[in-house]
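*Asks:* Dropping in query-v8.tsv, which is TSV, C-alpha atoms (C1' of nucleotides) and all ligand atoms:
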chain	number	residue	atom	x	y	z
A	1	MET	CA	0.00	0.00	0.00
A	2	GLU	CA	1.28	3.40	-1.00
A	3	ARG	CA	1.84	6.02	1.62
A	4	VAL	CA	-0.84	8.25	0.14
A	5	ASP	CA	-3.36	5.43	0.50
A	6	VAL	CA	-2.68	5.22	4.21
A	7	LEU	CA	-3.45	8.91	4.38
A	8	ASN	CA	-6.56	8.64	2.25
A	9	GLU	CA	-7.91	5.77	4.28
A	10	ARG	CA	-7.72	7.74	7.52
A	11	LEU	CA	-9.03	10.95	6.01
A	12	SER	CA	-12.02	9.48	4.24
A	13	LYS	CA	-13.05	7.68	7.39
A	14	ALA	CA	-13.40	11.10	9.00
A	15	ASN	CA	-15.03	12.78	5.97
A	16	LEU	CA	-11.91	14.77	5.31
A	17	LYS	CA	-10.64	15.61	1.87
A	18	LEU	CA	-7.41	14.41	0.33
A	19	THR	CA	-5.89	17.73	-0.69
A	20	LYS	CA	-2.58	18.73	-2.25
A	21	ALA	CA	-1.52	20.37	0.99
A	22	ARG	CA	-2.29	17.29	3.05
A	23	LYS	CA	-0.52	15.00	0.60
A	24	ALA	CA	2.58	17.17	0.64
A	25	ILE	CA	2.69	17.41	4.43
A	26	TRP	CA	2.08	13.71	4.83
A	27	GLU	CA	4.81	12.78	2.34
A	28	THR	CA	7.18	15.09	4.16
A	29	ILE	CA	6.58	13.60	7.57
A	30	ALA	CA	6.17	9.99	6.51
A	31	SER	CA	9.42	9.99	4.52
A	32	ALA	CA	11.52	11.59	7.25
A	33	ALA	CA	13.75	9.52	9.50
A	34	GLU	CA	13.68	12.01	12.34
A	35	PRO	CA	11.09	14.24	14.00
A	36	LEU	CA	10.54	17.43	11.99
A	37	SER	CA	9.81	20.86	13.41
A	38	ILE	CA	6.98	22.96	12.03
A	39	PRO	CA	9.32	25.22	9.99
A	40	GLN	CA	11.03	22.11	8.60
A	41	ILE	CA	7.70	20.65	7.58
A	42	MET	CA	6.70	23.95	5.99
A	43	ASN	CA	9.92	24.24	4.00
A	44	ARG	CA	9.93	20.69	2.72
A	45	ALA	CA	6.24	20.42	1.95
A	46	LYS	CA	6.30	23.73	0.11
A	47	LYS	CA	8.55	22.15	-2.50
A	48	MET	CA	5.73	19.76	-3.38
A	49	CYS	CA	2.96	22.33	-2.93
A	50	PRO	CA	4.33	25.82	-3.59
A	51	SER	CA	1.13	27.63	-2.66
A	52	LEU	CA	1.17	26.07	0.81
A	53	GLY	CA	0.62	28.49	3.68
A	54	LEU	CA	1.92	28.12	7.21
A	55	VAL	CA	-1.63	28.28	8.56
A	56	THR	CA	-2.47	25.15	6.63
A	57	VAL	CA	0.54	23.40	8.10
A	58	TYR	CA	-0.75	24.10	11.59
A	59	ARG	CA	-4.25	23.01	10.69
A	60	THR	CA	-3.08	19.88	8.92
A	61	LEU	CA	-0.83	18.83	11.77
A	62	ALA	CA	-3.77	19.16	14.15
A	63	VAL	CA	-5.94	17.06	11.85
A	64	MET	CA	-3.29	14.38	11.40
A	65	GLU	CA	-2.49	14.22	15.07
A	66	LYS	CA	-6.15	13.78	15.89
A	67	ALA	CA	-6.41	11.08	13.25
A	68	GLY	CA	-3.47	9.25	14.81
A	69	LEU	CA	-1.32	9.62	11.71
A	70	ILE	CA	1.46	11.58	13.38
A	71	LYS	CA	2.85	12.14	16.85
A	72	LEU	CA	4.80	14.82	18.65
A	73	PHE	CA	8.21	13.60	19.76
A	74	GLN	CA	11.37	14.93	21.28
A	75	THR	CA	14.25	15.41	18.89
A	76	LYS	CA	17.86	14.68	19.72
A	77	ASP	CA	18.50	18.31	20.59
A	78	GLY	CA	15.61	18.35	23.06
A	79	SER	CA	13.10	20.31	20.99
A	80	MET	CA	9.88	18.85	19.68
A	81	GLY	CA	8.94	17.60	16.26
A	82	TYR	CA	6.38	15.50	14.43
A	83	VAL	CA	6.95	11.95	13.22
A	84	SER	CA	4.67	9.49	11.51
A	85	SER	CA	3.06	7.19	14.05
A	86	VAL	CA	4.51	4.15	12.36
A	87	LEU	CA	8.01	5.45	12.76
A	88	ALA	CA	7.35	6.63	16.28
A	89	ALA	CA	6.77	3.11	17.44
A	90	GLU	CA	9.93	2.28	19.34
A	91	SER	CA	13.40	3.56	19.91
A	92	HIS	CA	16.30	1.42	20.95
A	93	HIS	CA	19.74	2.83	20.93
A	94	VAL	CA	23.03	2.75	22.74
A	95	GLN	CA	25.13	5.90	23.03
A	96	CYS	CA	28.82	6.20	23.84
A	97	ILE	CA	29.32	8.49	26.83
A	98	ILE	CA	32.69	9.57	25.47
A	99	CYS	CA	32.33	10.14	21.72
A	100	LYS	CA	28.49	10.37	21.79
A	101	LYS	CA	28.11	7.95	18.87
A	102	VAL	CA	24.63	6.37	18.67
A	103	VAL	CA	24.03	2.80	17.52
A	104	GLU	CA	20.62	1.19	17.10
A	105	PHE	CA	20.03	-2.35	18.31
A	106	GLU	CA	17.34	-4.95	18.12
A	107	CYS	CA	15.74	-5.22	21.50
A	108	THR	CA	15.22	-8.69	22.90
A	109	GLY	CA	14.53	-10.24	26.26
A	110	MET	CA	12.51	-7.39	27.75
A	111	GLU	CA	9.48	-9.53	28.47
A	112	ASP	CA	10.31	-10.29	32.11
A	113	THR	CA	11.14	-6.71	32.94
A	114	ILE	CA	7.93	-5.48	31.36
A	115	ARG	CA	5.80	-8.14	33.03
A	116	ALA	CA	7.29	-7.22	36.42
A	117	VAL	CA	6.41	-3.56	35.90
A	118	GLU	CA	2.88	-4.45	34.81
A	119	GLU	CA	2.39	-6.42	38.01
A	120	LYS	CA	3.85	-3.75	40.27
A	121	THR	CA	2.15	-0.73	38.69
A	122	GLY	CA	-1.03	-2.13	37.21
A	123	PHE	CA	-0.21	-0.51	33.88
A	124	CYS	CA	-0.77	-2.36	30.63
A	125	ILE	CA	2.46	-1.69	28.71
A	126	GLU	CA	2.22	-1.14	24.96
A	127	ARG	CA	5.66	0.02	23.91
A	128	HIS	CA	8.97	1.21	25.27
A	129	ASN	CA	12.07	3.23	24.65
A	130	LEU	CA	15.36	1.86	25.87
A	131	GLU	CA	18.43	4.07	25.86
A	132	LEU	CA	21.68	2.43	26.89
A	133	PHE	CA	24.80	4.39	27.76
A	134	GLY	CA	28.30	3.04	27.83
A	135	ILE	CA	31.65	3.06	26.10
A	136	CYS	CA	31.97	2.12	22.47
A	137	PRO	CA	34.63	-0.33	21.22
A	138	SER	CA	36.88	2.34	19.76
A	139	CYS	CA	36.78	4.56	22.84
A	140	MET	CA	37.40	1.50	24.97
A	141	LYS	CA	40.49	0.72	22.92
A	142	LYS	CA	41.79	4.27	23.21
A	143	SER	CA	41.35	4.36	26.97
A	144	LEU	CA	43.26	1.09	27.32
A	145	GLN	CA	46.20	2.44	25.33
A	146	LYS	CA	46.83	5.27	27.79
B	1	MET	CA	19.12	14.13	51.07
B	2	GLU	CA	16.67	16.98	50.79
B	3	ARG	CA	15.34	18.01	47.43
B	4	VAL	CA	16.96	21.41	47.69
B	5	ASP	CA	20.34	19.74	48.19
B	6	VAL	CA	19.98	17.87	44.93
B	7	LEU	CA	19.37	21.20	43.27
B	8	ASN	CA	22.26	22.88	45.04
B	9	GLU	CA	24.66	20.12	44.12
B	10	ARG	CA	23.92	20.46	40.42
B	11	LEU	CA	23.91	24.22	40.44
B	12	SER	CA	27.15	24.70	42.34
B	13	LYS	CA	28.94	22.28	40.05
B	14	ALA	CA	28.08	24.65	37.22
B	15	ASN	CA	28.86	27.84	39.17
B	16	LEU	CA	25.21	28.74	39.32
B	17	LYS	CA	23.55	30.36	42.30
B	18	LEU	CA	20.91	28.82	44.50
B	19	THR	CA	18.26	31.53	44.36
B	20	LYS	CA	14.74	31.88	45.75
B	21	ALA	CA	13.31	31.66	42.25
B	22	ARG	CA	15.22	28.48	41.44
B	23	LYS	CA	14.27	26.87	44.73
B	24	ALA	CA	10.60	27.65	44.18
B	25	ILE	CA	10.61	26.36	40.61
B	26	TRP	CA	12.51	23.25	41.60
B	27	GLU	CA	10.17	22.48	44.49
B	28	THR	CA	7.23	22.95	42.17
B	29	ILE	CA	8.48	20.55	39.54
B	30	ALA	CA	10.10	18.02	41.85
B	31	SER	CA	6.98	17.66	43.98
B	32	ALA	CA	4.58	17.26	41.06
B	33	ALA	CA	3.40	13.85	39.90
B	34	GLU	CA	2.62	15.02	36.38
B	35	PRO	CA	4.35	17.11	33.76
B	36	LEU	CA	3.68	20.79	34.38
B	37	SER	CA	3.22	23.43	31.71
B	38	ILE	CA	5.03	26.73	31.92
B	39	PRO	CA	1.97	28.64	33.15
B	40	GLN	CA	1.37	25.94	35.77
B	41	ILE	CA	4.95	26.20	36.97
B	42	MET	CA	4.64	29.98	37.09
B	43	ASN	CA	1.42	29.90	39.12
B	44	ARG	CA	2.59	27.34	41.63
B	45	ALA	CA	6.10	28.67	42.09
B	46	LYS	CA	4.79	32.19	42.55
B	47	LYS	CA	3.13	31.06	45.77
B	48	MET	CA	6.57	30.32	47.21
B	49	CYS	CA	8.25	33.29	45.57
B	50	PRO	CA	5.70	36.07	44.99
B	51	SER	CA	8.08	38.36	43.13
B	52	LEU	CA	8.76	35.67	40.54
B	53	GLY	CA	8.56	36.82	36.92
B	54	LEU	CA	7.67	34.70	33.93
B	55	VAL	CA	10.98	35.55	32.30
B	56	THR	CA	12.78	33.90	35.18
B	57	VAL	CA	10.68	30.80	34.77
B	58	TYR	CA	11.78	30.50	31.15
B	59	ARG	CA	15.41	31.11	32.06
B	60	THR	CA	15.35	28.72	34.98
B	61	LEU	CA	13.76	25.94	32.96
B	62	ALA	CA	16.50	26.31	30.35
B	63	VAL	CA	19.16	26.14	33.06
B	64	MET	CA	17.62	23.12	34.73
B	65	GLU	CA	17.10	21.28	31.51
B	66	LYS	CA	20.72	21.83	30.55
B	67	ALA	CA	21.78	20.64	33.98
B	68	GLY	CA	19.75	17.48	33.53
B	69	LEU	CA	17.48	18.30	36.44
B	70	ILE	CA	14.26	18.32	34.44
B	71	LYS	CA	12.89	16.87	31.23
B	72	LEU	CA	10.17	17.72	28.75
B	73	PHE	CA	7.24	15.35	28.60
B	74	GLN	CA	3.83	15.30	27.04
B	75	THR	CA	0.99	16.54	29.24
B	76	LYS	CA	-2.62	15.35	29.33
B	77	ASP	CA	-3.78	17.81	26.74
B	78	GLY	CA	-1.08	16.83	24.29
B	79	SER	CA	1.08	19.86	24.92
B	80	MET	CA	4.43	19.66	26.62
B	81	GLY	CA	5.38	19.98	30.25
B	82	TYR	CA	8.37	19.59	32.51
B	83	VAL	CA	9.05	16.80	35.01
B	84	SER	CA	11.93	16.30	37.40
B	85	SER	CA	14.49	13.84	36.13
B	86	VAL	CA	16.93	13.92	39.03
B	87	LEU	CA	14.84	12.39	41.78
B	88	ALA	CA	14.37	9.51	39.40
B	89	ALA	CA	18.09	9.20	38.89
B	90	GLU	CA	17.87	5.90	37.06
B	91	SER	CA	15.13	7.24	34.84
B	92	HIS	CA	12.81	4.32	34.88
B	93	HIS	CA	9.29	5.34	34.39
B	94	VAL	CA	6.08	4.31	32.81
B	95	GLN	CA	3.76	6.89	31.34
B	96	CYS	CA	0.07	6.49	30.61
B	97	ILE	CA	-0.59	7.27	26.94
B	98	ILE	CA	-4.08	8.51	27.84
B	99	CYS	CA	-3.85	10.62	31.01
B	100	LYS	CA	-0.03	11.13	30.77
B	101	LYS	CA	0.53	10.20	34.42
B	102	VAL	CA	4.14	9.17	35.12
B	103	VAL	CA	5.02	6.44	37.61
B	104	GLU	CA	8.53	5.38	38.58
B	105	PHE	CA	9.44	1.74	38.91
B	106	GLU	CA	12.33	-0.31	40.13
B	107	CYS	CA	14.00	-1.83	37.13
B	108	THR	CA	14.85	-5.52	37.36
B	109	GLY	CA	15.72	-8.27	34.96
B	110	MET	CA	17.52	-6.16	32.35
B	111	GLU	CA	20.74	-8.18	32.57
B	112	ASP	CA	20.04	-10.45	29.60
B	113	THR	CA	18.94	-7.64	27.34
B	114	ILE	CA	22.01	-5.61	28.22
B	115	ARG	CA	24.39	-8.52	27.79
B	116	ALA	CA	22.92	-9.24	24.36
B	117	VAL	CA	23.48	-5.65	23.26
B	118	GLU	CA	27.05	-5.69	24.59
B	119	GLU	CA	27.78	-8.76	22.50
B	120	LYS	CA	26.15	-7.41	19.35
B	121	THR	CA	27.56	-3.90	19.50
B	122	GLY	CA	30.83	-4.26	21.40
B	123	PHE	CA	29.78	-1.48	23.77
B	124	CYS	CA	30.40	-1.76	27.48
B	125	ILE	CA	27.09	-0.64	28.98
B	126	GLU	CA	27.20	1.43	32.17
B	127	ARG	CA	23.67	2.65	32.67
B	128	HIS	CA	20.31	2.92	30.96
B	129	ASN	CA	17.04	4.77	30.68
B	130	LEU	CA	13.91	2.77	30.20
B	131	GLU	CA	10.66	4.53	29.35
B	132	LEU	CA	7.59	2.38	29.17
B	133	PHE	CA	4.31	3.55	27.66
B	134	GLY	CA	0.94	2.01	28.28
B	135	ILE	CA	-2.42	2.46	29.93
B	136	CYS	CA	-2.72	3.07	33.64
B	137	PRO	CA	-5.16	1.16	35.84
B	138	SER	CA	-7.67	4.01	36.13
B	139	CYS	CA	-7.73	4.73	32.40
B	140	MET	CA	-8.06	1.03	31.74
B	141	LYS	CA	-11.06	0.90	34.03
B	142	LYS	CA	-12.67	3.89	32.34
B	143	SER	CA	-12.24	2.46	28.87
B	144	LEU	CA	-13.81	-0.81	29.92
B	145	GLN	CA	-16.88	0.92	31.32
B	146	LYS	CA	-17.80	2.40	27.93
C	1	DC	C1'	-18.72	16.13	-17.94
C	2	DA	C1'	-21.07	20.11	-15.56
C	3	DT	C1'	-23.11	21.57	-11.32
C	4	DC	C1'	-23.27	22.06	-6.54
C	5	DT	C1'	-21.77	22.44	-1.71
C	6	DA	C1'	-19.34	21.87	2.31
C	7	DA	C1'	-14.59	21.49	3.35
C	8	DT	C1'	-10.32	23.63	2.81
C	9	DT	C1'	-7.31	27.16	1.71
C	10	DG	C1'	-4.08	31.51	1.99
C	11	DA	C1'	-3.61	36.20	3.50
C	12	DA	C1'	-4.14	39.39	6.94
C	13	DA	C1'	-5.00	40.44	11.55
C	14	DA	C1'	-5.08	39.25	16.24
C	15	DA	C1'	-3.55	36.81	20.14
C	16	DA	C1'	-0.34	34.28	22.70
C	17	DT	C1'	4.16	32.79	23.72
C	18	DT	C1'	9.06	33.36	24.07
C	19	DT	C1'	13.30	36.07	23.91
C	20	DT	C1'	16.01	40.24	24.37
C	21	DT	C1'	17.39	44.34	26.64
C	22	DC	C1'	18.62	46.86	30.55
C	23	DA	C1'	18.62	48.87	35.09
C	24	DT	C1'	18.39	46.92	39.69
C	25	DT	C1'	18.96	43.34	43.10
C	26	DT	C1'	21.10	39.39	45.31
C	27	DG	C1'	23.92	35.14	46.43
C	28	DG	C1'	27.92	33.85	48.05
C	29	DA	C1'	33.18	34.22	47.83
C	30	DG	C1'	36.69	36.49	50.22
D	1	DC	C1'	30.81	43.31	55.80
D	2	DT	C1'	32.21	44.41	51.07
D	3	DC	C1'	32.25	43.44	46.50
D	4	DC	C1'	31.01	41.73	41.98
D	5	DA	C1'	29.43	38.48	38.73
D	6	DA	C1'	25.21	36.24	38.35
D	7	DA	C1'	20.46	36.63	38.46
D	8	DT	C1'	16.22	39.13	38.45
D	9	DG	C1'	11.76	41.66	36.93
D	10	DA	C1'	9.66	44.94	33.81
D	11	DA	C1'	9.16	46.52	29.39
D	12	DA	C1'	9.88	45.98	24.69
D	13	DA	C1'	10.73	43.20	20.77
D	14	DA	C1'	10.47	39.09	18.26
D	15	DT	C1'	8.45	34.91	17.20
D	16	DT	C1'	4.93	31.54	17.08
D	17	DT	C1'	0.20	30.21	16.91
D	18	DT	C1'	-4.74	31.08	16.27
D	19	DT	C1'	-8.69	33.44	14.40
D	20	DT	C1'	-11.23	35.58	10.78
D	21	DC	C1'	-12.91	35.81	6.25
D	22	DA	C1'	-13.36	35.78	1.28
D	23	DA	C1'	-11.85	32.73	-2.42
D	24	DT	C1'	-10.83	28.12	-4.00
D	25	DT	C1'	-11.26	23.16	-4.39
D	26	DA	C1'	-12.35	18.07	-3.69
D	27	DG	C1'	-15.45	15.09	-4.59
D	28	DA	C1'	-20.40	13.79	-4.53
D	29	DT	C1'	-24.47	13.87	-7.49
D	30	DG	C1'	-26.88	13.70	-11.66
A	201	MN	MN	17.29	5.23	18.35
A	202	MN	MN	11.46	8.73	35.69
A	203	ZN	ZN	32.89	6.18	21.82
A	204	ZN	ZN	-4.03	6.91	32.57
Translate this structure into structure tokens?
*Replies:*
Amino acid sequence: MERVDVLNERLSKANLKLTKARKAIWETIASAAEPLSIPQIMNRAKKMCPSLGLVTVYRTLAVMEKAGLIKLFQTKDGSMGYVSSVLAAESHHVQCIICKKVVEFECTGMEDTIRAVEEKTGFCIERHNLELFGICPSCMKKSLQK
Amino acid sequence: MERVDVLNERLSKANLKLTKARKAIWETIASAAEPLSIPQIMNRAKKMCPSLGLVTVYRTLAVMEKAGLIKLFQTKDGSMGYVSSVLAAESHHVQCIICKKVVEFECTGMEDTIRAVEEKTGFCIERHNLELFGICPSCMKKSLQK
DNA sequence: CATCTAATTGAAAAAATTTTTCATTTGGAG
DNA sequence: CTCCAAATGAAAAATTTTTTCAATTAGATG
């Protein structure tokens, strides 16, 4: 299924129209690997839809957020940005505390931890972010050479 | 250790002063169970420090965020708010995706997951943040009643 | 395809939020 | 206590977000 079909499906369910502006904004967000700020979304989407106004960006983001198509997330630098809900799903990375390099990993074996938290807190856990911090192989090597 | 000592420790390390305004804002955030918006922080902190100006709230939040004392989270209404990150030194929390309530938990059983990442990535892991997202008991109850 | 209509749009204005500037005050070192 | 860099509040400026409104458009209907 094309990305635009995902958009159309959600919009038509809510009696909303599939417009040029919405297509452009959706393509922008759905094709990005990182959360995008509102000015970033405006700039990129405008290339696909030159008449696009900033007001429409605000309105479209509100519509898409309500429709569950996008989510507001924290970016690496601490500010906020929008990502497609699909991409927002989970984040697993390990960062070197010395050189700050970030490496993604596949997360396995969390079941017991999550079940323990569910029992203690009564929450029903749906997803998680796990950030690990440590020393990467190359920094480890350097520190051993000293 | 008192809450104000935690604040003082971080501030003095960075050659920053422990002022009335900072104490009031810190107490406000560190004693709250939910993320607080900027106007909420202003209103509550002003009770402890009546001369407090909004400008100082903005400046203090920037300082505290940089110092790692507080973090931005999503509030109930979808906007963003600040929560204390220091009292929860290990940063293990679960947040309700509906009402945005944050609950800390003791993190157990992560050894296997961490060992697997160490083997795959070559990193030597020292610490971690685990953020879980799900539905809290009271929101679960409400959704079942519908 | 042409017609119709409610939804959507962009521009301008208004409102709200955030940052900058600057004179005054204050924490804390000496 | 004295001193001074850091911090503060008020006002102004800048920026971001929302509202208003007339014009345009998607898409349903015939
Ligand atoms: Mn990641
Ligand atoms: Mn926490
Ligand atoms: Zn490294
Ligand atoms: Zn809840």
*Asks:* Matching each Cα of chain B to its counterpart in chain A by order, what RMSD results from the least-squares fit?
*Replies:*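 Here the C-alpha RMSD works out to 4.7 Å.
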*Asks:* Quick one: residues within 6 Å of ligand ZN 204 (chain A), with all atoms listed in the file, as a VMD selection string?
*Replies:* chain B and resid 96 98 to 99 101 135 to 136 138 to 139
*Asks:* Find the residues near DT20 in chain D: any atom within 10 Å, counting all atoms listed in the file, skip ones fewer than 2 places away on the same chain, and give them as a ChimeraX atom specification.
*Replies:* /C:12-14 /D:18,22
*Asks:* Report, in Å to a single decimal, how far apart CA of Thr60 in chain B and CA of Leu16 in chain B are.
*Replies:*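 Distance between the two atoms: 10.8 Å.
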*Asks:* Identify every residue of chain A that has at least one atom within 9 Å of any atom of chain C, counting only C-alpha atoms (C1' of nucleotides), and report the result as an mmCIF file with C-alpha atoms, in the coordinates of the input.
*Replies:*
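Below you can see selection.cif, which holds the result:
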data_model
loop_
_atom_site.group_PDB
_atom_site.id
_atom_site.type_symbol
_atom_site.label_atom_id
_atom_site.label_comp_id
_atom_site.auth_asym_id
_atom_site.auth_seq_id
_atom_site.Cartn_x
_atom_site.Cartn_y
_atom_site.Cartn_z
ATOM 1 C CA LEU A 16 -11.910 14.770 5.310
ATOM 2 C CA LYS A 17 -10.640 15.610 1.870
ATOM 3 C CA THR A 19 -5.890 17.730 -0.690
ATOM 4 C CA ALA A 21 -1.520 20.370 0.990
ATOM 5 C CA SER A 51 1.130 27.630 -2.660
ATOM 6 C CA LEU A 52 1.170 26.070 0.810
ATOM 7 C CA GLY A 53 0.620 28.490 3.680
ATOM 8 C CA LEU A 54 1.920 28.120 7.210
ATOM 9 C CA VAL A 55 -1.630 28.280 8.560
ATOM 10 C CA THR A 56 -2.470 25.150 6.630
#
*Asks:* To one decimal in Å, tell me the separation between CA of Ala32 in chain B and CA of Phe123 in chain A.
*Replies:*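 Between these atoms lies a distance of 19.8 Å.
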*Asks:* Give me, please, the distance in Å between CA of Glu9 in chain A and CA of Lys46 in chain A, quoted to one decimal.
*Replies:*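 Taking CA of Glu9 in chain A as the start and CA of Lys46 in chain A as the end point, the length is 23.3 Å.
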*Asks:* What residues in chain B have any atom no more than 6 Å from chain A when counting all atoms listed in the file, and can you write them as a list in words?
*Replies:*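 Filtering chain B at 6 Å from chain A with all atoms listed in the file gives Thr108, Gly109, Thr113, Gly122, Phe123, Cys124, Ile125, Glu126, Arg127, His128, Asn129, Leu130, Glu131, Leu132, Phe133, Gly134, Ile135, Cys136 and Pro137 of chain B.
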*Asks:* Set out as a tab-separated table a contact list for chain D and chain A with a cut-off of 9 Å, giving each residue of chain D that qualifies its closest atom pair and distance in Å to one decimal, counting all atoms listed in the file, ordered by chain and rising residue number.
*Replies:*
residue	atom	partner	partner_atom	distance
D:DT17	C1'	A:Tyr58	CA	8.2
D:DT18	C1'	A:Val55	CA	8.8
D:DT25	C1'	A:Thr19	CA	8.5
D:DA26	C1'	A:Lys17	CA	6.3
D:DG27	C1'	A:Lys17	CA	8.1
*Asks:* Within 8 Å of Ala24 in chain A, counting only C-alpha atoms (C1' of nucleotides), which residues qualify if same-chain residues fewer than 2 places away don't, as JSON, numbers by chain?
*Replies:* {"A": [20, 21, 22, 26, 27, 28, 45, 46, 48, 49]}
*Asks:* Could you check which of A:Ala33, A:Ile25, A:Ala62, A:Ile41 is closest to ligand MN 201 (chain A), using only C-alpha atoms and all ligand atoms?
*Replies:*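 Among A:Ala33, A:Ile25, A:Ala62, A:Ile41, it is A:Ala33 that comes nearest to ligand MN 201 (chain A).
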*Asks:* If the box runs along x, y and z of the file and leaves 6 Å on each side of range 92-96 of chain A, what are its centre and edge lengths in Å, one decimal, as JSON?
*Replies:*
{"center_x": 22.6, "center_y": 3.8, "center_z": 22.4, "size_x": 24.5, "size_y": 16.8, "size_z": 14.9}
*Asks:* Point out the residue among A:Leu87, A:Asp5, A:Ile38, A:Tyr82 with the least atom-to-atom distance to ligand MN 201 (chain A), counting all atoms listed in the file.
*Replies:*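 Selected residue with least distance to ligand MN 201 (chain A): A:Leu87.
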